[in-house]
Structure formats: C-alpha cells, structure tokens
Amino acid sequence: MKKLLIVALLALAGGAQAESTAAKKELVAKVLQLQQPSIEQAGRALAERPAALMMQQAGLALQTRVAADKREAIGKEIQADIKKYLDEAVPIVRDRAVKLAPSTIGALLEEKFSEDELKQLIALFESPVGRKFSQMNGDMQKALVEKLIPETQGAIEPKVKTLEQSIAKRLGLTPAATARPPAKAESK
C-alpha cells in the first residue's frame, strides 16, 4: 500500500512538473512578446552598422576626392543607395532576430528564471527581478547576435557588397578603398 501511495505521488508530481514547464514556456513567450521592440532594434542596429561605416567613409571620400560641384549629387545618390540597402537588409535581420529570440533569449530566461520570477518580470520590470533581468541583457544580446550573424550573413553580405560597389563607383574608387571590417558580435 505504501509503495502504491509513493508511485501515485510521483505520478502527480511528474504531471505537475510537466504542467509547470508548459506554464513557464508561456511566461517566457510573454516576456519575449513584451521585449520584441528591443529585439527588433538589436536586429536593426546590426543591419545598419555596415551602412553607417560606409556612409562615414563615403563622406570623407566626397570631401577629399570628388569635385565640389559634384558632391551634392553624388551624396544624394549614395544616400539613396544606403536607403535601398537598409530597406532590404533591416527586415531580414530584424525578422530573423525575432525568430531566433525564443531559442536564445527565451532559453536563457527559461534556464535562469522560475515561473514566479517570470510572473514578477511581466508584472513589473522595475522589481528586483527586473534588475536581475537587466543584468542578463548583455548575455541575451550576445547569444542572439552570435546566432543572428551566421544566419543572416549569406543574405546580407551580397547586399553590403552591392552597396559598397555602388558607393565606390560613385566616388570613382575601387571597392578595396571602401573596404569595411567584417561584422562581429559585440559584447556588452
């Protein structure tokens, strides 16, 4: 009889644990939903980084290598090229960041936070749990970016090269003169 009671209690505990895991996954999903704007911004910033660097390099080249009477026109063409790149690249990286968030940020949240902590986090980000979450921001962003770069590099690299070539052509430079360092994950 005693063994039967222990087996029954273990079965109930196992069922409660599975229920708790499903509830915890739902709470993590809610946190990710609340954090989606930040996740999208991280993707946007990553996609904008090469364009910002090229724009800076192009600005210097415009001042030193392009005749004054042609600077404004070429500058506008370069801005149009940058806008085209951003219009194409930002949605790719932003959407991929959102898709990777559950397996990166979500996994960290599920591992590091209890269900009760997740509830508190959802209810009030400024609570002590919110401070714990804030301390993990660097690790979560690093995990996302480490996955995001290789997952989007194949789609984004040709666009970066096209933009680079277009700017170089407009400036009368070879693409090597506008070379940029490869993207890499930043630690925060």
# chains A, B, ... in the order shown; residues from 1 in each chain; ligands from 1
>>> residues_around(residues="Ala47 of chain A", least_positions_apart="3", cutoff="9 Å", atoms="only C-alpha atoms", output="ChimeraX atom specification")
/A:42-44,50-51,86,89-94,156
>>> closest_atom_pairs(of="segment 51-153 of chain A", to="segment 29-37 of chain A", cutoff="7 Å", atoms="only C-alpha atoms", output="JSON lines")
{"residue": "A:Val98", "atom": "CA", "partner": "A:Gln36", "partner_atom": "CA", "distance": 6.9}
{"residue": "A:Gly106", "atom": "CA", "partner": "A:Leu32", "partner_atom": "CA", "distance": 6.9}
{"residue": "A:Ile122", "atom": "CA", "partner": "A:Val31", "partner_atom": "CA", "distance": 6.2}
>>> write_last_selection(atoms="all heavy atoms", output="PDB file, in the first residue's frame")
ATOM      1  N   VAL A  98      13.869  38.222 -34.320  1.00  0.00           N
ATOM      2  CA  VAL A  98      12.640  37.842 -33.622  1.00  0.00           C
ATOM      3  C   VAL A  98      12.470  36.322 -33.631  1.00  0.00           C
ATOM      4  O   VAL A  98      12.074  35.727 -32.632  1.00  0.00           O
ATOM      5  CB  VAL A  98      11.412  38.555 -34.246  1.00  0.00           C
ATOM      6  CG1 VAL A  98      10.105  38.004 -33.694  1.00  0.00           C
ATOM      7  CG2 VAL A  98      11.505  40.065 -33.998  1.00  0.00           C
ATOM      8  N   GLY A 106      14.971  33.361 -25.003  1.00  0.00           N
ATOM      9  CA  GLY A 106      13.982  32.533 -24.321  1.00  0.00           C
ATOM     10  C   GLY A 106      14.614  31.386 -23.548  1.00  0.00           C
ATOM     11  O   GLY A 106      14.226  31.098 -22.416  1.00  0.00           O
ATOM     12  N   ILE A 122       7.014  40.079 -15.767  1.00  0.00           N
ATOM     13  CA  ILE A 122       5.937  40.555 -16.626  1.00  0.00           C
ATOM     14  C   ILE A 122       5.165  41.667 -15.920  1.00  0.00           C
ATOM     15  O   ILE A 122       4.844  42.683 -16.521  1.00  0.00           O
ATOM     16  CB  ILE A 122       5.015  39.384 -17.033  1.00  0.00           C
ATOM     17  CG1 ILE A 122       5.767  38.449 -17.987  1.00  0.00           C
ATOM     18  CG2 ILE A 122       3.730  39.887 -17.655  1.00  0.00           C
ATOM     19  CD1 ILE A 122       5.096  37.110 -18.218  1.00  0.00           C
TER      20      ILE A 122
END
>>> closest_residue(among="A:Ile74, A:Arg170, A:Leu121, A:Leu163", to="Met54 of chain A", atoms="only C-alpha atoms")
A:Leu163
>>> atom_distance(atom1="atom CA of Leu144 of chain A", atom2="atom CA of Thr104 of chain A")
5.6 Å
>>> residues_around(residues="Ala107 of chain A", least_positions_apart="3", cutoff="10 Å", atoms="only C-alpha atoms", output="number ranges by chain")
A: 25, 28, 101-104, 110-112, 140, 143
>>> write_last_selection(atoms="all heavy atoms", output="PDB file, in the first residue's frame")
ATOM      1  N   LYS A  25       6.973  28.029 -20.158  1.00  0.00           N
ATOM      2  CA  LYS A  25       7.168  28.378 -21.572  1.00  0.00           C
ATOM      3  C   LYS A  25       6.228  29.507 -21.993  1.00  0.00           C
ATOM      4  O   LYS A  25       6.617  30.391 -22.748  1.00  0.00           O
ATOM      5  CB  LYS A  25       6.985  27.146 -22.455  1.00  0.00           C
ATOM      6  CG  LYS A  25       8.135  26.155 -22.365  1.00  0.00           C
ATOM      7  CD  LYS A  25       7.947  25.017 -23.329  1.00  0.00           C
ATOM      8  CE  LYS A  25       9.000  23.951 -23.188  1.00  0.00           C
ATOM      9  NZ  LYS A  25      10.368  24.392 -23.330  1.00  0.00           N
ATOM     10  N   VAL A  28       7.634  32.727 -20.562  1.00  0.00           N
ATOM     11  CA  VAL A  28       8.789  33.162 -21.349  1.00  0.00           C
ATOM     12  C   VAL A  28       8.319  33.781 -22.661  1.00  0.00           C
ATOM     13  O   VAL A  28       8.826  34.821 -23.082  1.00  0.00           O
ATOM     14  CB  VAL A  28       9.767  31.978 -21.596  1.00  0.00           C
ATOM     15  CG1 VAL A  28      10.803  32.329 -22.652  1.00  0.00           C
ATOM     16  CG2 VAL A  28      10.447  31.585 -20.292  1.00  0.00           C
ATOM     17  N   ALA A 101      15.006  34.733 -31.157  1.00  0.00           N
ATOM     18  CA  ALA A 101      14.851  35.119 -29.755  1.00  0.00           C
ATOM     19  C   ALA A 101      14.373  33.968 -28.858  1.00  0.00           C
ATOM     20  O   ALA A 101      14.928  33.787 -27.771  1.00  0.00           O
ATOM     21  CB  ALA A 101      13.940  36.328 -29.632  1.00  0.00           C
ATOM     22  N   PRO A 102      13.374  33.184 -29.256  1.00  0.00           N
ATOM     23  CA  PRO A 102      12.951  32.103 -28.356  1.00  0.00           C
ATOM     24  C   PRO A 102      14.058  31.087 -28.058  1.00  0.00           C
ATOM     25  O   PRO A 102      14.168  30.613 -26.925  1.00  0.00           O
ATOM     26  CB  PRO A 102      11.790  31.437 -29.110  1.00  0.00           C
ATOM     27  CG  PRO A 102      11.237  32.528 -29.967  1.00  0.00           C
ATOM     28  CD  PRO A 102      12.452  33.318 -30.398  1.00  0.00           C
ATOM     29  N   SER A 103      14.890  30.774 -29.044  1.00  0.00           N
ATOM     30  CA  SER A 103      15.942  29.773 -28.816  1.00  0.00           C
ATOM     31  C   SER A 103      17.193  30.365 -28.177  1.00  0.00           C
ATOM     32  O   SER A 103      18.062  29.615 -27.739  1.00  0.00           O
ATOM     33  CB  SER A 103      16.307  29.074 -30.127  1.00  0.00           C
ATOM     34  OG  SER A 103      16.894  29.988 -31.022  1.00  0.00           O
ATOM     35  N   THR A 104      17.292  31.672 -28.104  1.00  0.00           N
ATOM     36  CA  THR A 104      18.464  32.304 -27.484  1.00  0.00           C
ATOM     37  C   THR A 104      18.053  32.977 -26.178  1.00  0.00           C
ATOM     38  O   THR A 104      18.325  32.461 -25.102  1.00  0.00           O
ATOM     39  CB  THR A 104      19.102  33.324 -28.452  1.00  0.00           C
ATOM     40  OG1 THR A 104      18.110  34.266 -28.866  1.00  0.00           O
ATOM     41  CG2 THR A 104      19.691  32.629 -29.666  1.00  0.00           C
ATOM     42  N   GLU A 110      14.284  30.869 -19.581  1.00  0.00           N
ATOM     43  CA  GLU A 110      13.734  29.632 -19.033  1.00  0.00           C
ATOM     44  C   GLU A 110      14.724  28.961 -18.080  1.00  0.00           C
ATOM     45  O   GLU A 110      14.330  28.416 -17.058  1.00  0.00           O
ATOM     46  CB  GLU A 110      13.356  28.674 -20.169  1.00  0.00           C
ATOM     47  CG  GLU A 110      12.463  27.560 -19.707  1.00  0.00           C
ATOM     48  CD  GLU A 110      11.813  26.811 -20.853  1.00  0.00           C
ATOM     49  OE1 GLU A 110      11.786  27.321 -21.985  1.00  0.00           O
ATOM     50  OE2 GLU A 110      11.341  25.700 -20.595  1.00  0.00           O
ATOM     51  N   GLU A 111      15.981  29.044 -18.397  1.00  0.00           N
ATOM     52  CA  GLU A 111      17.018  28.428 -17.559  1.00  0.00           C
ATOM     53  C   GLU A 111      17.250  29.206 -16.265  1.00  0.00           C
ATOM     54  O   GLU A 111      17.416  28.615 -15.205  1.00  0.00           O
ATOM     55  CB  GLU A 111      18.330  28.364 -18.350  1.00  0.00           C
ATOM     56  CG  GLU A 111      19.512  27.814 -17.577  1.00  0.00           C
ATOM     57  CD  GLU A 111      20.802  27.906 -18.362  1.00  0.00           C
ATOM     58  OE1 GLU A 111      20.769  27.923 -19.604  1.00  0.00           O
ATOM     59  OE2 GLU A 111      21.865  27.981 -17.720  1.00  0.00           O
ATOM     60  N   LYS A 112      17.247  30.519 -16.351  1.00  0.00           N
ATOM     61  CA  LYS A 112      17.675  31.346 -15.217  1.00  0.00           C
ATOM     62  C   LYS A 112      16.543  31.839 -14.319  1.00  0.00           C
ATOM     63  O   LYS A 112      16.799  32.276 -13.204  1.00  0.00           O
ATOM     64  CB  LYS A 112      18.453  32.572 -15.720  1.00  0.00           C
ATOM     65  CG  LYS A 112      19.669  32.256 -16.550  1.00  0.00           C
ATOM     66  CD  LYS A 112      20.791  31.725 -15.719  1.00  0.00           C
ATOM     67  CE  LYS A 112      22.027  31.509 -16.582  1.00  0.00           C
ATOM     68  NZ  LYS A 112      23.117  30.940 -15.826  1.00  0.00           N
ATOM     69  N   MET A 140      22.033  37.912 -23.139  1.00  0.00           N
ATOM     70  CA  MET A 140      20.953  37.604 -24.070  1.00  0.00           C
ATOM     71  C   MET A 140      21.246  38.193 -25.447  1.00  0.00           C
ATOM     72  O   MET A 140      21.077  37.513 -26.462  1.00  0.00           O
ATOM     73  CB  MET A 140      19.611  38.118 -23.531  1.00  0.00           C
ATOM     74  CG  MET A 140      19.137  37.355 -22.316  1.00  0.00           C
ATOM     75  SD  MET A 140      17.485  37.812 -21.733  1.00  0.00           S
ATOM     76  CE  MET A 140      17.711  39.498 -21.220  1.00  0.00           C
ATOM     77  N   ALA A 143      24.021  36.191 -27.096  1.00  0.00           N
ATOM     78  CA  ALA A 143      23.534  34.902 -27.606  1.00  0.00           C
ATOM     79  C   ALA A 143      22.755  35.090 -28.906  1.00  0.00           C
ATOM     80  O   ALA A 143      22.923  34.323 -29.863  1.00  0.00           O
ATOM     81  CB  ALA A 143      22.656  34.215 -26.549  1.00  0.00           C
TER      82      ALA A 143
END
>>> atom_distance(atom1="atom CA of Ala168 of chain A", atom2="atom CA of Asp81 of chain A")
11.2 Å
>>> atom_distance(atom1="atom CA of Leu118 of chain A", atom2="atom CA of Glu26 of chain A")
9.7 Å
>>> residues_around(residues="Met55 of chain A", least_positions_apart="3", cutoff="10 Å", atoms="only C-alpha atoms", output="list in words")
Arg49, Pro50, Ala51, Ala52, Ala58, Gly59, Leu60, Ala61, Gly75, Ile78, Gln79, Ile82, Glu164, Ile167 and Thr178 of chain A
>>> write_last_selection(atoms="all heavy atoms", output="short mmCIF file (atom, residue, chain, number, x, y, z; two decimals), in the first residue's frame")
data_model
loop_
_atom_site.label_atom_id
_atom_site.label_comp_id
_atom_site.auth_asym_id
_atom_site.auth_seq_id
_atom_site.Cartn_x
_atom_site.Cartn_y
_atom_site.Cartn_z
N ARG A 49 24.78 48.83 -39.09
CA ARG A 49 26.20 49.04 -38.79
C ARG A 49 27.07 49.19 -40.03
O ARG A 49 27.83 50.16 -40.14
CB ARG A 49 26.70 47.92 -37.88
CG ARG A 49 28.05 48.22 -37.27
CD ARG A 49 28.52 47.14 -36.33
NE ARG A 49 27.53 46.92 -35.29
CZ ARG A 49 27.35 45.77 -34.68
NH1 ARG A 49 28.09 44.73 -34.98
NH2 ARG A 49 26.44 45.63 -33.74
N PRO A 50 27.03 48.26 -41.00
CA PRO A 50 27.90 48.43 -42.18
C PRO A 50 27.55 49.66 -43.00
O PRO A 50 28.44 50.32 -43.55
CB PRO A 50 27.72 47.15 -42.99
CG PRO A 50 26.61 46.40 -42.38
CD PRO A 50 26.30 47.00 -41.05
N ALA A 51 26.27 50.00 -43.07
CA ALA A 51 25.86 51.17 -43.84
C ALA A 51 26.38 52.44 -43.19
O ALA A 51 26.83 53.36 -43.89
CB ALA A 51 24.33 51.22 -43.96
N ALA A 52 26.34 52.50 -41.89
CA ALA A 52 26.84 53.69 -41.18
C ALA A 52 28.34 53.86 -41.40
O ALA A 52 28.82 54.97 -41.64
CB ALA A 52 26.53 53.58 -39.69
N ALA A 58 32.33 57.26 -47.06
CA ALA A 58 31.94 57.98 -48.27
C ALA A 58 31.98 59.49 -48.04
O ALA A 58 32.39 60.25 -48.93
CB ALA A 58 30.54 57.55 -48.71
N GLY A 59 31.57 59.92 -46.86
CA GLY A 59 31.61 61.34 -46.55
C GLY A 59 33.02 61.89 -46.61
O GLY A 59 33.26 62.98 -47.16
N LEU A 60 33.96 61.13 -46.07
CA LEU A 60 35.36 61.56 -46.14
C LEU A 60 35.85 61.58 -47.58
O LEU A 60 36.54 62.53 -47.99
CB LEU A 60 36.24 60.61 -45.30
CG LEU A 60 36.02 60.68 -43.79
CD1 LEU A 60 36.81 59.56 -43.09
CD2 LEU A 60 36.44 62.03 -43.24
N ALA A 61 35.51 60.55 -48.33
CA ALA A 61 35.95 60.49 -49.72
C ALA A 61 35.32 61.60 -50.55
O ALA A 61 35.98 62.17 -51.43
CB ALA A 61 35.62 59.12 -50.32
N GLY A 75 26.43 62.67 -53.30
CA GLY A 75 25.98 62.42 -51.92
C GLY A 75 24.54 61.94 -51.89
O GLY A 75 24.22 61.01 -51.14
N ILE A 78 24.41 58.36 -53.10
CA ILE A 78 24.89 57.45 -52.06
C ILE A 78 23.82 57.27 -50.98
O ILE A 78 23.58 56.14 -50.52
CB ILE A 78 26.22 57.96 -51.45
CG1 ILE A 78 27.34 57.82 -52.49
CG2 ILE A 78 26.57 57.21 -50.17
CD1 ILE A 78 28.64 58.50 -52.11
N GLN A 79 23.16 58.34 -50.60
CA GLN A 79 22.08 58.24 -49.61
C GLN A 79 20.96 57.34 -50.14
O GLN A 79 20.40 56.55 -49.38
CB GLN A 79 21.54 59.62 -49.26
CG GLN A 79 22.47 60.41 -48.37
CD GLN A 79 21.97 61.81 -48.08
OE1 GLN A 79 21.13 62.35 -48.80
NE2 GLN A 79 22.50 62.41 -47.02
N ILE A 82 22.16 53.78 -49.80
CA ILE A 82 22.11 53.38 -48.38
C ILE A 82 20.65 53.06 -48.01
O ILE A 82 20.38 52.04 -47.36
CB ILE A 82 22.66 54.49 -47.47
CG1 ILE A 82 24.14 54.76 -47.75
CG2 ILE A 82 22.39 54.20 -46.00
CD1 ILE A 82 25.13 53.90 -47.04
N GLU A 164 28.50 48.67 -51.30
CA GLU A 164 29.90 49.09 -51.29
C GLU A 164 30.38 49.40 -52.71
O GLU A 164 31.01 50.44 -52.95
CB GLU A 164 30.73 47.96 -50.67
CG GLU A 164 32.19 48.28 -50.46
CD GLU A 164 32.89 47.13 -49.76
OE1 GLU A 164 32.80 45.99 -50.25
OE2 GLU A 164 33.52 47.38 -48.74
N ILE A 167 28.73 52.68 -54.02
CA ILE A 167 29.34 53.88 -53.44
C ILE A 167 30.73 54.10 -54.03
O ILE A 167 31.08 55.22 -54.41
CB ILE A 167 29.39 53.76 -51.90
CG1 ILE A 167 27.97 53.86 -51.33
CG2 ILE A 167 30.29 54.85 -51.31
CD1 ILE A 167 27.88 53.55 -49.85
N THR A 178 37.00 51.19 -50.13
CA THR A 178 35.90 51.39 -49.18
C THR A 178 35.67 50.15 -48.34
O THR A 178 34.62 50.00 -47.74
CB THR A 178 34.59 51.73 -49.93
OG1 THR A 178 34.27 50.65 -50.80
CG2 THR A 178 34.69 53.03 -50.68
#
>>> closest_residue(among="A:Ala123, A:Ala97, A:Ala45, A:Leu108", to="Glu146 of chain A", atoms="only C-alpha atoms")
A:Ala97
>>> decode(residues="segment 72-174 of chain A", atoms="C-alpha atoms", output="short mmCIF file (atom, residue, chain, number, x, y, z; two decimals), in the first residue's frame")
data_model
loop_
_atom_site.label_atom_id
_atom_site.label_comp_id
_atom_site.auth_asym_id
_atom_site.auth_seq_id
_atom_site.Cartn_x
_atom_site.Cartn_y
_atom_site.Cartn_z
CA GLU A 72 25.84 67.13 -53.60
CA ALA A 73 24.57 64.97 -56.46
CA ILE A 74 26.85 62.06 -55.62
CA GLY A 75 25.98 62.42 -51.92
CA LYS A 76 22.28 62.12 -52.74
CA GLU A 77 22.93 59.04 -54.89
CA ILE A 78 24.89 57.45 -52.06
CA GLN A 79 22.08 58.24 -49.61
CA ALA A 80 19.63 56.57 -52.00
CA ASP A 81 21.91 53.51 -52.18
CA ILE A 82 22.11 53.38 -48.38
CA LYS A 83 18.31 53.67 -48.11
CA LYS A 84 17.84 50.85 -50.62
CA TYR A 85 20.25 48.65 -48.67
CA LEU A 86 18.50 49.43 -45.38
CA ASP A 87 15.06 48.83 -46.88
CA GLU A 88 16.23 45.37 -47.95
CA ALA A 89 18.55 44.39 -45.10
CA VAL A 90 16.76 45.65 -41.99
CA PRO A 91 13.63 43.48 -42.41
CA ILE A 92 15.77 40.38 -42.99
CA VAL A 93 17.89 40.83 -39.87
CA ARG A 94 15.04 42.19 -37.73
CA ASP A 95 12.73 39.28 -38.59
CA ARG A 96 15.47 36.73 -38.06
CA ALA A 97 16.27 38.28 -34.67
CA VAL A 98 12.64 37.84 -33.62
CA LYS A 99 12.68 34.22 -34.84
CA LEU A 100 15.94 33.45 -33.00
CA ALA A 101 14.85 35.12 -29.76
CA PRO A 102 12.95 32.10 -28.36
CA SER A 103 15.94 29.77 -28.82
CA THR A 104 18.46 32.30 -27.48
CA ILE A 105 16.91 34.82 -25.10
CA GLY A 106 13.98 32.53 -24.32
CA ALA A 107 16.29 29.64 -23.47
CA LEU A 108 18.27 31.87 -21.10
CA LEU A 109 15.09 33.13 -19.44
CA GLU A 110 13.73 29.63 -19.03
CA GLU A 111 17.02 28.43 -17.56
CA LYS A 112 17.68 31.35 -15.22
CA PHE A 113 14.18 32.37 -14.05
CA SER A 114 11.50 30.50 -12.16
CA GLU A 115 7.83 30.74 -13.09
CA ASP A 116 7.23 33.10 -10.20
CA GLU A 117 10.11 35.31 -11.28
CA LEU A 118 8.78 35.41 -14.82
CA LYS A 119 5.38 36.48 -13.48
CA GLN A 120 7.01 39.26 -11.48
CA LEU A 121 9.05 40.28 -14.51
CA ILE A 122 5.94 40.55 -16.63
CA ALA A 123 4.07 42.45 -13.90
CA LEU A 124 6.81 44.91 -13.06
CA PHE A 125 10.18 45.22 -14.83
CA GLU A 126 11.46 47.55 -12.13
CA SER A 127 11.21 44.97 -9.36
CA PRO A 128 14.27 43.12 -8.03
CA VAL A 129 13.61 40.53 -10.71
CA GLY A 130 13.77 43.31 -13.28
CA ARG A 131 17.27 44.18 -12.08
CA LYS A 132 18.27 40.53 -12.48
CA PHE A 133 16.84 40.58 -16.00
CA SER A 134 18.69 43.79 -16.80
CA GLN A 135 21.96 42.23 -15.69
CA MET A 136 21.37 39.41 -18.20
CA ASN A 137 20.74 41.77 -21.12
CA GLY A 138 24.33 41.56 -22.32
CA ASP A 139 24.32 37.75 -22.29
CA MET A 140 20.95 37.60 -24.07
CA GLN A 141 22.01 40.06 -26.77
CA LYS A 142 25.32 38.26 -27.21
CA ALA A 143 23.53 34.90 -27.61
CA LEU A 144 21.14 36.38 -30.16
CA VAL A 145 23.83 38.19 -32.16
CA GLU A 146 26.07 35.10 -32.18
CA LYS A 147 23.28 33.19 -33.91
CA LEU A 148 21.96 36.12 -35.95
CA ILE A 149 25.21 36.93 -37.76
CA PRO A 150 25.80 33.49 -39.29
CA GLU A 151 22.08 33.06 -40.03
CA THR A 152 21.77 36.35 -41.92
CA GLN A 153 25.29 36.81 -43.28
CA GLY A 154 24.58 34.92 -46.50
CA ALA A 155 21.57 37.12 -47.27
CA ILE A 156 23.10 40.40 -46.13
CA GLU A 157 26.70 40.11 -47.38
CA PRO A 158 25.76 40.38 -51.09
CA LYS A 159 23.67 43.46 -50.30
CA VAL A 160 26.56 45.03 -48.41
CA LYS A 161 28.91 44.29 -51.31
CA THR A 162 26.45 45.76 -53.83
CA LEU A 163 26.14 48.88 -51.71
CA GLU A 164 29.90 49.09 -51.29
CA GLN A 165 30.46 48.76 -55.05
CA SER A 166 27.81 51.36 -55.82
CA ILE A 167 29.34 53.88 -53.44
CA ALA A 168 32.86 53.15 -54.71
CA LYS A 169 31.71 53.61 -58.31
CA ARG A 170 30.04 56.90 -57.49
CA LEU A 171 33.20 58.10 -55.79
CA GLY A 172 35.47 56.83 -58.53
CA LEU A 173 37.18 54.44 -56.12
CA THR A 174 37.91 50.73 -56.21
#
